[in-house]
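**Student:** Submitted below is the structure of interest, expressed as structure tokens.
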Number of protein chains: 4
Amino acid sequence: MSTPDGRSYRTGIGTSTADTITLLGHDLARDLIGQVGFGELAFWLIAKRRPSPPELAMFEAVLVSLTDHGFTPTAIAARLTYTSAPEALQGAVAAGLLGGGSRFLGVTEDAARFLSDALAGQVPRPRDEADWDELAAGVVAATADAGRLVPGLGHPVHKVEDPRTPVLFELARRHDRFKEHLQLFAAIGRVHPEILGRTLPLNGAGACGAVLADLGLPVSVMRGVALLARCAGILGHLAEEQADPIGMDIYLSVDRNVDYRP
Amino acid sequence: MSTPDGRSYRTGIGTSTADTITLLGHDLARDLIGQVGFGELAFWLIAKRRPSPPELAMFEAVLVSLTDHGFTPTAIAARLTYTSAPEALQGAVAAGLLGGGSRFLGVTEDAARFLSDALAGQVPRPRDEADWDELAAGVVAATADAGRLVPGLGHPVHKVEDPRTPVLFELARRHDRFKEHLQLFAAIGRVHPEILGRTLPLNGAGACGAVLADLGLPVSVMRGVALLARCAGILGHLAEEQADPIGMDIYLSVDRNVDYRP
Amino acid sequence: MSTPDGRSYRTGIGTSTADTITLLGHDLARDLIGQVGFGELAFWLIAKRRPSPPELAMFEAVLVSLTDHGFTPTAIAARLTYTSAPEALQGAVAAGLLGGGSRFLGVTEDAARFLSDALAGQVPRPRDEADWDELAAGVVAATADAGRLVPGLGHPVHKVEDPRTPVLFELARRHDRFKEHLQLFAAIGRVHPEILGRTLPLNGAGACGAVLADLGLPVSVMRGVALLARCAGILGHLAEEQADPIGMDIYLSVDRNVDYRP
Amino acid sequence: MSTPDGRSYRTGIGTSTADTITLLGHDLARDLIGQVGFGELAFWLIAKRRPSPPELAMFEAVLVSLTDHGFTPTAIAARLTYTSAPEALQGAVAAGLLGGGSRFLGVTEDAARFLSDALAGQVPRPRDEADWDELAAGVVAATADAGRLVPGLGHPVHKVEDPRTPVLFELARRHDRFKEHLQLFAAIGRVHPEILGRTLPLNGAGACGAVLADLGLPVSVMRGVALLARCAGILGHLAEEQADPIGMDIYLSVDRNVDYRP
């Protein structure tokens with residue numbers, strides 16, 4: 001299947017014929033519908049391999065962790081867009097996802113990249129907690145010396161502890177998925193107070209990044225995992241906005257309290 | 001919790017305090033992470049009630065059915081946007097979802113609305129297959145007389161049978177979720193050839209709409225279910241585009257074969 | 001220029017070779033840059049014909065009229081998206097434009113379509129103000145009888161008069177562009193109080209729709225004109241947000257005043 | 001105007017009362033509609049100051065330069081999104097703009113930032129062409145040594161000369177707006193062949209960045225200028241797509257020539 005000039009488009013995702021739909025090399029109707037969960041299929045699509053049950057458990061735990069965080073800027077933007085253009089639900093969902101950038105959803109990816117970079121070239125890997133603490137101390141000190149922040153450390157609301165982090169740690173241990181990225185992340189949690197002079201929480205988005213990196217997902221798609229999770233959260237906000245709208249109130253609250261300084 | 005001028009914003013989705021995150025009235029860390037699947041949480045957010053196991057099975061079957069359909073316009077738009085702005089994955093995902101409108105993803109919602117409207121006021125409901133066929137025949141005839149198409153009937157590729165439809169029917173029967181919207185949809189499949197003078201397949205997107213309507217989800221959020229499913233499919237395309245890009249080839253194929261007619 | 005299988009893609013917009021860029025059939029560098037204004041080029045692209053000076057004056061007046069309306073939902077959504085993802089300005093602009101739907105920017109298109117539909121088949125056209133009033137009275141009465149609103153009539157803030165409308169009317173008269181859509185729109189303003197039992201203002205967005213229809217632009221692109229205008233307004237908001245941010249304050253005002261009702 | 005809890009939202013863009021609309025401190029209806037062009041208003045909104053006639057001439061020249069470049073990925077993505085969701089024009093425009101990122105529209109901003117950074121701390125400024133060449137040579141050499149590319153140098157199609165660049169240079173000289181960023185950009189064009197060992201064109205997007213920087217616009221909004229220009233180009237593509245669609249053909253060309261490799 002290629003054009004006479006030889007151009008064709010490679011993919012391993014999906015294709016269809018008159019009587020079949022193929023997804024990831026499998027017959028969608030015969031082999032997937034009713035037999036694969038949606039979270040499982042999402043992992044499979046992103047990683048191009050089917051997750052083992054422990055991997056799937058961790059992946060779903062990350063998705064559930066990142067689905068919603070209340071009235072975030074993304075949820076508010078989605079609701080306002082729906083208020084303004086209710087005939088196009090896809091526009092409101094898209095507007096919400098467009099806030100999935102560096103400040104609010106990017107931490108997952110940033111933390112994963114930070115941990116991966118720190119581990120690159122560490123041969124052999126640390127073997128015990130003392131080794132991990134030593135590596136973590138070096139990484140935190142170097143980051144602080146460069147005037148940068150450690151991704152995954154600190155949270156504007158959860159100033160002492162992000163409640164998601166210990167639960168994700170415990171789950172990863174139970175499923176034997178507490179691998180090197182989580183090891184390093186946990187070590188950062190232990191050693192940073194002495195180096196930075198204050199104690200910060202390991203936040204949930206950072207923990208999610210460490211979990212996903214330990215699952216072997218490429219760093220470059222991790223923001224996508226956060227976006228998929230948030231897509232469900234935004235739909236919850238929009239379904240609620242349809243039934244019990246507050247978008248107009250938010251708009252009026254801003255508009256009526258303008259401090260005009262031309 | 002309201003401002004001194006009394007303004008406050010109602011929600012039942014999520015909120016957080018310094019040491020808790022609450023989602024749908026439950027403690028996210030203690031009660032949800034690791035204990036609820038992502039598909040289950042998505043249903044819960046949209047419907048504001050937790051699905052029963054059969055409901056969840058049907059909801060996940062719909063999500064899996066709608067996740068991907070190969071190189072659709074939405075998948076291509078997402079890939080081209082990534083080609084052009086690879087630094088902002090959220091933009092590529094959003095561009096893909098923006099194609100989730102009337103022509104390609106809207107059928108699910110359109111079919112659900114069509115079936116719901118047809119059932120409104122049918123008291124008592126049809127009791128046997130002959131009754132359903134009679135109702136279906138009246139609805140199809142009235143739609144054809146008005147010069148409109150029956151949503152869910154026909155498919156540009158799957159001209160004889162959409163392979164998803166019989167699988168969704170079978171699953172719904174097995175889970176005792178073959179309710180009135182599916183009854184009417186199936187009856188339309190049986191009676192339309194005589195009325196329209198040709199035999200069309202009941203398409204998968206339409207079957208999904210009937211399933212979701214039988215689950216009691218509001219018609220106004222069904223496009224959202226299709227968007228959530230497609231979000232995973234788009235992420236699959238974008239992860240593949242990162243590893244094995246074709247976006248530049250698509251662009252050049254169009255640009256080099258311009259037929260310029262100013 | 002076509003592929004061996006004969007596929008090629010028609011366009012009259014633009015193309016380029018190694019040493020030329022062609023736009024609308026003209027050499028961009030030699031004939032357009034420095035010689036055509038941006039508003040003029042936008043009209044030309046949309047209408048596929050160069051505007052006359054009076055047409056251009058009216059088109060620019062419409063764009064200026066629709067550029068900004070303060071803290072609209074679209075401006076707020078754009079600012080919140082920027083707050084959340086400041087690395088991708090295009091995402092914030094897109095989020096803002098996605099609110100350009102039926103409720104806030106759609107009036108321009110809706111009014112133009114309403115006026116066009118009312119004029120279709122009116123042969124010969126009304127010849128004097130009494131004729132226009134008669135046509136307008138019939139249209140307003142029929143719309144009210146059908147339980148629908150007349151697009152372009154009424155405004156949530158400008159309850160007595162939208163200040164843009166008389167200025168647009170006066171400009172159109174001065175440039176001899178006060179044609180049939182404006183005639184009918186003005187007549188609706190005169191006759192509706194007696195029919196509806198209350199006096200509503202002719203709003204500016206509706207007047208813009210009438211102006212654009214009198215310029216001969218297709219109704220289907222009018223929402224696009226409003227989007228182009230609003231794009232400049234959103235950029236103003238985002239440039240200000242970069243220099244003097246308020247997005248975080250808006251977010252916190254909503255988040256801190258949650259009324260949580262799971 | 002502030003809430004009882006003292007929260008208010010600063011802006012100098014726009015606000016409205018029952019009978020006025022204010023934009024940039026001016027009465028929109030009385031002072032702006034019909035008296036200010038759209039390009040002028042856009043500059044004013046972004047820069048928070050009204051442009052002089054030479055500044056406006058250069059700003060409009062930049063907008064016209066960046067409006068369209070034929071079948072770019074952004075134009076194709078917009079058309080495909082329209083094909084898929086024709087009921088929401090705003091979604092197709094947004095999808096097109098979301099491609100306005102680093103690879104295709106980002107050069108304007110990248111070049112401006114590169115030139116600004118190179119000029120920072122150059123006190124006193126170079127006084128003659130030899131001085132500029134010396135500065136340029138140092139900057140190009142340092143960039144090449146760091147293994148990076150010089151933004152604004154080179155073009156995938158215009159391999160010898162980008163036809164927009166000499167026209168923009170000539171216009172800037174004529175309007176006495178050939179200031180330090182353009183001086184340095186031109187010097188880079190003169191000196192780079194000897195340093196890099198090959199001759200590359202100064203591309204138009206880079207020249208636009210130099211022009212905008214010489215106008216004193218902040219680097220952080222320059223991508224926005226490119227987006228505004230491209231918004232008009234995308235509308236041209238979408239108006240054409242409405243009248244003479246090719247989106248379905250593009251989709252089919254990709255879909256039918258799949259090279260499926262699960």
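Following the order of the structure tokens, chains are lettered A, B, ..., residues in each are numbered from 1, and ligands are numbered from 1.
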Can you pull out every residue within 10 Å of A:Thr165, counting only C-alpha atoms, but drop anything in the same chain fewer than 3 positions away, and send it as a ChimeraX atom specification?
**Tutor:** /A:65,161-162,168-171,186,201-208 /B:29
**Student:** Limited to N, CA and C atoms, could you put the picked residues into a file as an mmCIF file, in the first residue's frame?
**Tutor:**
data_model
loop_
_atom_site.group_PDB
_atom_site.id
_atom_site.type_symbol
_atom_site.label_atom_id
_atom_site.label_comp_id
_atom_site.auth_asym_id
_atom_site.auth_seq_id
_atom_site.Cartn_x
_atom_site.Cartn_y
_atom_site.Cartn_z
ATOM 1 N N SER A 65 -4.342 9.721 40.328
ATOM 2 C CA SER A 65 -3.704 10.790 41.117
ATOM 3 C C SER A 65 -3.763 12.144 40.424
ATOM 4 N N GLU A 161 3.106 17.819 53.637
ATOM 5 C CA GLU A 161 3.125 16.539 52.927
ATOM 6 C C GLU A 161 2.039 16.517 51.883
ATOM 7 N N ASP A 162 2.370 16.047 50.697
ATOM 8 C CA ASP A 162 1.359 15.812 49.677
ATOM 9 C C ASP A 162 0.815 14.418 49.939
ATOM 10 N N LEU A 168 1.446 6.445 46.802
ATOM 11 C CA LEU A 168 2.089 5.947 45.582
ATOM 12 C C LEU A 168 3.339 5.124 45.920
ATOM 13 N N PHE A 169 4.100 5.587 46.903
ATOM 14 C CA PHE A 169 5.281 4.820 47.334
ATOM 15 C C PHE A 169 4.868 3.417 47.805
ATOM 16 N N GLU A 170 3.862 3.391 48.661
ATOM 17 C CA GLU A 170 3.406 2.113 49.227
ATOM 18 C C GLU A 170 2.905 1.167 48.126
ATOM 19 N N LEU A 171 2.128 1.732 47.192
ATOM 20 C CA LEU A 171 1.627 0.910 46.083
ATOM 21 C C LEU A 171 2.770 0.353 45.247
ATOM 22 N N ALA A 186 12.861 9.235 46.468
ATOM 23 C CA ALA A 186 12.709 9.092 47.920
ATOM 24 C C ALA A 186 13.962 9.585 48.648
ATOM 25 N N PRO A 201 7.950 19.085 50.972
ATOM 26 C CA PRO A 201 7.321 17.788 50.677
ATOM 27 C C PRO A 201 7.704 17.300 49.281
ATOM 28 N N LEU A 202 7.773 16.004 49.107
ATOM 29 C CA LEU A 202 7.832 15.403 47.767
ATOM 30 C C LEU A 202 6.416 15.450 47.221
ATOM 31 N N ASN A 203 6.212 16.204 46.132
ATOM 32 C CA ASN A 203 4.827 16.351 45.704
ATOM 33 C C ASN A 203 4.334 15.176 44.857
ATOM 34 N N GLY A 204 3.026 15.088 44.721
ATOM 35 C CA GLY A 204 2.406 13.957 44.049
ATOM 36 C C GLY A 204 2.716 13.902 42.563
ATOM 37 N N ALA A 205 2.775 15.069 41.925
ATOM 38 C CA ALA A 205 3.078 15.077 40.496
ATOM 39 C C ALA A 205 4.493 14.561 40.247
ATOM 40 N N GLY A 206 5.416 14.935 41.124
ATOM 41 C CA GLY A 206 6.776 14.422 41.009
ATOM 42 C C GLY A 206 6.831 12.917 41.244
ATOM 43 N N ALA A 207 6.103 12.453 42.239
ATOM 44 C CA ALA A 207 6.054 11.012 42.496
ATOM 45 C C ALA A 207 5.502 10.273 41.285
ATOM 46 N N CYS A 208 4.485 10.863 40.642
ATOM 47 C CA CYS A 208 3.924 10.249 39.430
ATOM 48 C C CYS A 208 4.992 10.154 38.337
ATOM 49 N N ALA B 29 -6.257 10.192 48.366
ATOM 50 C CA ALA B 29 -5.105 9.348 48.703
ATOM 51 C C ALA B 29 -5.543 8.083 49.441
#
**Student:** Would you give me, as number ranges by chain, the residues of chain B that come within 6 Å of chain A, using only C-alpha atoms?
**Tutor:** B: 14-15, 18-19, 29, 33-34, 37-38, 42, 45-46, 60-61, 64, 70, 90, 94, 98, 157-158, 163-164, 232, 236, 239
**Student:** Mind pulling up the distance from atom CA of A:Ser116 to atom CA of A:Gly154?
**Tutor:**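 Atom CA of A:Ser116 lies at a distance of 19.4 Å from atom CA of A:Gly154.
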**Student:** Output the coordinates of chain B after least-squares fitting to chain A on all in-order C-alpha pairs, as a short mmCIF file (atom, residue, chain, number, x, y, z; two decimals) with C-alpha atoms, in the first residue's frame.
**Tutor:**
data_model
loop_
_atom_site.label_atom_id
_atom_site.label_comp_id
_atom_site.auth_asym_id
_atom_site.auth_seq_id
_atom_site.Cartn_x
_atom_site.Cartn_y
_atom_site.Cartn_z
CA MET B 1 0.03 -0.06 0.08
CA SER B 2 1.91 2.95 -1.23
CA THR B 3 1.27 5.64 -3.80
CA PRO B 4 2.74 5.22 -7.31
CA ASP B 5 5.37 7.77 -6.31
CA GLY B 6 6.24 5.53 -3.41
CA ARG B 7 4.99 7.70 -0.58
CA SER B 8 3.37 5.83 2.29
CA TYR B 9 2.83 6.53 5.96
CA ARG B 10 4.12 4.17 8.62
CA THR B 11 2.08 3.46 11.72
CA GLY B 12 1.60 0.66 14.17
CA ILE B 13 -1.42 2.23 15.86
CA GLY B 14 -4.50 1.48 13.83
CA THR B 15 -5.98 0.85 10.42
CA SER B 16 -9.21 -0.47 9.00
CA THR B 17 -10.63 -2.32 6.05
CA ALA B 18 -14.24 -2.76 4.96
CA ASP B 19 -14.91 -5.37 7.61
CA THR B 20 -12.15 -5.04 10.19
CA ILE B 21 -10.64 -2.46 12.52
CA THR B 22 -7.12 -3.21 13.67
CA LEU B 23 -5.53 -1.59 16.70
CA LEU B 24 -1.96 -2.30 17.78
CA GLY B 25 -1.96 -5.33 15.51
CA HIS B 26 -5.06 -6.83 17.10
CA ASP B 27 -8.60 -7.15 15.81
CA LEU B 28 -10.43 -4.45 17.77
CA ALA B 29 -13.84 -6.11 17.76
CA ARG B 30 -12.72 -9.69 18.33
CA ASP B 31 -9.74 -9.23 20.65
CA LEU B 32 -10.01 -5.90 22.46
CA ILE B 33 -13.55 -4.59 23.07
CA GLY B 34 -14.77 -6.09 26.31
CA GLN B 35 -11.43 -7.73 27.02
CA VAL B 36 -9.08 -4.81 27.60
CA GLY B 37 -9.68 -1.95 30.00
CA PHE B 38 -9.35 1.65 28.88
CA GLY B 39 -6.38 2.38 31.13
CA GLU B 40 -4.66 -0.73 29.84
CA LEU B 41 -5.28 0.28 26.25
CA ALA B 42 -3.92 3.77 26.92
CA PHE B 43 -0.66 2.35 28.33
CA TRP B 44 -0.41 -0.03 25.40
CA LEU B 45 -0.85 2.79 22.89
CA ILE B 46 1.75 4.99 24.54
CA ALA B 47 4.35 2.32 25.27
CA LYS B 48 3.62 0.06 22.29
CA ARG B 49 3.57 -2.89 24.65
CA ARG B 50 0.87 -4.36 26.86
CA PRO B 51 1.43 -3.67 30.55
CA SER B 52 1.83 -6.45 33.09
CA PRO B 53 -0.77 -6.38 35.89
CA PRO B 54 1.59 -4.60 38.33
CA GLU B 55 2.53 -2.07 35.66
CA LEU B 56 -1.12 -1.46 34.92
CA ALA B 57 -1.91 -1.00 38.61
CA MET B 58 0.78 1.67 38.88
CA PHE B 59 -0.26 3.37 35.64
CA GLU B 60 -3.90 3.60 36.76
CA ALA B 61 -2.78 4.87 40.17
CA VAL B 62 -0.91 7.69 38.42
CA LEU B 63 -3.91 8.53 36.23
CA VAL B 64 -6.22 8.63 39.26
CA SER B 65 -3.70 10.81 41.13
CA LEU B 66 -3.56 13.40 38.35
CA THR B 67 -7.23 13.50 37.29
CA ASP B 68 -8.32 16.55 39.22
CA HIS B 69 -7.14 19.11 41.71
CA GLY B 70 -10.28 21.19 42.16
CA PHE B 71 -10.63 24.66 40.68
CA THR B 72 -7.29 24.77 38.88
CA PRO B 73 -6.71 27.36 36.14
CA THR B 74 -7.35 24.61 33.59
CA ALA B 75 -10.72 23.66 35.09
CA ILE B 76 -11.76 27.32 35.25
CA ALA B 77 -10.62 28.00 31.66
CA ALA B 78 -12.60 24.98 30.46
CA ARG B 79 -15.74 26.15 32.27
CA LEU B 80 -15.45 29.72 30.94
CA THR B 81 -14.96 28.45 27.41
CA TYR B 82 -18.05 26.29 27.79
CA THR B 83 -19.98 29.30 29.08
CA SER B 84 -19.01 31.19 25.98
CA ALA B 85 -19.34 28.45 23.36
CA PRO B 86 -21.60 25.69 24.74
CA GLU B 87 -22.25 24.27 21.29
CA ALA B 88 -18.70 22.93 21.00
CA LEU B 89 -17.78 20.77 23.99
CA GLN B 90 -14.54 19.81 22.26
CA GLY B 91 -13.42 23.45 22.41
CA ALA B 92 -13.94 23.62 26.16
CA VAL B 93 -12.02 20.38 26.69
CA ALA B 94 -9.20 21.64 24.45
CA ALA B 95 -9.05 24.98 26.26
CA GLY B 96 -8.69 23.13 29.55
CA LEU B 97 -5.92 20.89 28.26
CA LEU B 98 -4.01 23.85 26.85
CA GLY B 99 -3.26 24.86 30.42
CA GLY B 100 -1.43 21.56 30.81
CA GLY B 101 1.94 23.18 30.54
CA SER B 102 5.00 23.84 32.61
CA ARG B 103 3.47 25.32 35.74
CA PHE B 104 0.59 23.05 36.62
CA LEU B 105 0.94 19.72 34.84
CA GLY B 106 4.55 19.86 33.72
CA VAL B 107 6.01 18.74 37.04
CA THR B 108 5.40 15.08 36.23
CA GLU B 109 7.55 15.34 33.12
CA ASP B 110 10.10 17.65 34.70
CA ALA B 111 10.64 15.34 37.66
CA ALA B 112 10.96 12.29 35.43
CA ARG B 113 13.52 14.04 33.25
CA PHE B 114 15.45 15.29 36.26
CA LEU B 115 15.64 11.80 37.75
CA SER B 116 16.55 10.19 34.43
CA ASP B 117 19.30 12.70 33.79
CA ALA B 118 20.67 12.19 37.29
CA LEU B 119 20.74 8.41 36.78
CA ALA B 120 22.33 8.54 33.33
CA GLY B 121 25.85 7.27 33.54
CA GLN B 122 25.53 6.00 37.12
CA VAL B 123 27.19 2.64 36.54
CA PRO B 124 26.88 0.65 38.67
CA ARG B 125 23.66 1.83 40.26
CA PRO B 126 23.63 2.62 43.99
CA ARG B 127 23.12 -0.57 45.98
CA ASP B 128 21.78 0.52 49.34
CA GLU B 129 20.02 3.46 50.96
CA ALA B 130 23.30 5.10 51.91
CA ASP B 131 24.42 4.98 48.26
CA TRP B 132 21.12 6.47 47.11
CA ASP B 133 21.36 9.22 49.69
CA GLU B 134 24.85 10.05 48.53
CA LEU B 135 23.75 10.29 44.90
CA ALA B 136 20.71 12.35 45.91
CA ALA B 137 22.80 14.72 48.00
CA GLY B 138 25.14 15.35 45.09
CA VAL B 139 22.26 16.01 42.71
CA VAL B 140 20.39 18.33 45.07
CA ALA B 141 23.52 20.27 45.90
CA ALA B 142 24.47 20.68 42.25
CA THR B 143 20.96 21.86 41.39
CA ALA B 144 20.90 24.35 44.24
CA ASP B 145 24.36 25.61 43.30
CA ALA B 146 23.09 26.25 39.77
CA GLY B 147 20.26 28.32 41.25
CA ARG B 148 17.59 25.93 40.05
CA LEU B 149 14.75 24.18 41.81
CA VAL B 150 14.49 20.42 42.20
CA PRO B 151 11.36 19.34 40.28
CA GLY B 152 8.94 17.43 42.48
CA LEU B 153 9.99 19.16 45.67
CA GLY B 154 7.50 21.58 47.27
CA HIS B 155 3.82 22.37 46.69
CA PRO B 156 1.88 25.64 47.00
CA VAL B 157 -0.95 24.04 49.00
CA HIS B 158 0.45 20.87 50.52
CA LYS B 159 3.29 22.52 52.38
CA VAL B 160 4.16 19.68 54.74
CA GLU B 161 3.14 16.53 52.93
CA ASP B 162 1.37 15.82 49.66
CA PRO B 163 -0.99 13.00 50.65
CA ARG B 164 -0.59 11.24 47.29
CA THR B 165 3.12 10.60 47.66
CA PRO B 166 3.20 8.03 50.50
CA VAL B 167 0.30 6.16 48.91
CA LEU B 168 2.10 5.94 45.57
CA PHE B 169 5.29 4.80 47.32
CA GLU B 170 3.42 2.10 49.21
CA LEU B 171 1.64 0.91 46.06
CA ALA B 172 4.91 0.74 44.15
CA ARG B 173 6.49 -1.34 46.88
CA ARG B 174 3.49 -3.66 47.03
CA HIS B 175 3.62 -4.20 43.25
CA ASP B 176 7.42 -4.53 43.24
CA ARG B 177 7.65 -1.44 41.05
CA PHE B 178 9.75 0.68 43.40
CA LYS B 179 12.68 0.96 41.04
CA GLU B 180 15.57 3.34 40.60
CA HIS B 181 13.69 6.56 39.81
CA LEU B 182 11.54 6.14 42.90
CA GLN B 183 14.64 5.22 44.90
CA LEU B 184 16.34 8.43 43.92
CA PHE B 185 13.18 10.47 44.43
CA ALA B 186 12.72 9.06 47.93
CA ALA B 187 16.37 9.72 48.72
CA ILE B 188 15.93 13.35 47.64
CA GLY B 189 13.12 13.54 50.15
CA ARG B 190 15.42 12.27 52.88
CA VAL B 191 18.54 14.34 52.20
CA HIS B 192 17.36 17.70 50.93
CA PRO B 193 16.61 19.35 54.33
CA GLU B 194 20.24 19.31 55.37
CA ILE B 195 21.42 20.69 52.01
CA LEU B 196 18.69 23.25 51.38
CA GLY B 197 18.18 24.24 55.01
CA ARG B 198 14.43 23.62 54.92
CA THR B 199 12.11 20.67 54.61
CA LEU B 200 9.87 20.45 51.58
CA PRO B 201 7.32 17.78 50.67
CA LEU B 202 7.85 15.40 47.77
CA ASN B 203 4.84 16.36 45.70
CA GLY B 204 2.40 13.97 44.05
CA ALA B 205 3.08 15.09 40.50
CA GLY B 206 6.76 14.42 41.00
CA ALA B 207 6.05 11.01 42.50
CA CYS B 208 3.92 10.26 39.42
CA GLY B 209 6.87 11.17 37.20
CA ALA B 210 9.13 8.80 39.13
CA VAL B 211 6.54 6.01 38.88
CA LEU B 212 6.11 6.49 35.12
CA ALA B 213 9.88 6.58 34.60
CA ASP B 214 10.20 3.33 36.54
CA LEU B 215 7.57 1.87 34.19
CA GLY B 216 9.93 2.61 31.32
CA LEU B 217 7.73 5.17 29.58
CA PRO B 218 9.63 7.78 27.55
CA VAL B 219 9.96 11.11 29.32
CA SER B 220 8.68 12.90 26.22
CA VAL B 221 5.18 11.42 26.55
CA MET B 222 4.70 11.87 30.28
CA ARG B 223 3.00 15.20 29.90
CA GLY B 224 0.58 13.25 27.74
CA VAL B 225 -0.27 10.90 30.59
CA ALA B 226 -1.06 13.89 32.77
CA LEU B 227 -3.21 15.33 29.95
CA LEU B 228 -5.19 12.10 29.60
CA ALA B 229 -5.84 12.07 33.33
CA ARG B 230 -6.84 15.71 33.32
CA CYS B 231 -9.12 15.15 30.33
CA ALA B 232 -11.35 13.05 32.59
CA GLY B 233 -11.25 15.68 35.31
CA ILE B 234 -12.19 18.42 32.86
CA LEU B 235 -15.11 16.33 31.60
CA GLY B 236 -16.30 16.06 35.19
CA HIS B 237 -16.16 19.83 35.52
CA LEU B 238 -17.97 20.35 32.22
CA ALA B 239 -20.69 17.82 33.00
CA GLU B 240 -21.22 19.65 36.28
CA GLU B 241 -21.15 23.01 34.49
CA GLN B 242 -23.94 21.78 32.23
CA ALA B 243 -26.06 20.79 35.21
CA ASP B 244 -25.14 23.56 37.67
CA PRO B 245 -23.29 26.39 35.94
CA ILE B 246 -20.88 28.76 37.69
CA GLY B 247 -18.95 30.05 34.65
CA MET B 248 -21.07 33.15 34.30
CA ASP B 249 -20.54 33.97 37.98
CA ILE B 250 -16.77 33.68 37.62
CA TYR B 251 -16.85 35.95 34.58
CA LEU B 252 -19.00 38.55 36.33
CA SER B 253 -16.87 38.45 39.47
CA VAL B 254 -13.82 39.39 37.42
CA ASP B 255 -15.56 41.85 35.13
CA ARG B 256 -17.39 43.69 37.91
CA ASN B 257 -14.25 44.09 40.00
CA VAL B 258 -12.08 45.62 37.33
CA ASP B 259 -9.47 48.14 38.44
CA TYR B 260 -9.15 50.06 35.20
CA ARG B 261 -5.80 51.79 34.70
CA PRO B 262 -5.36 52.81 31.09
#
**Student:** Enumerate, as a PyMOL selection string, the complete set of residues in stretch 17-230 of chain A that a backbone-based DSSP assignment places in alpha helix (DSSP H).
**Tutor:** chain A and resi 38-47+53-66+73-84+89-98+107-119+129-145+164-174+180-196+204-214+222-230
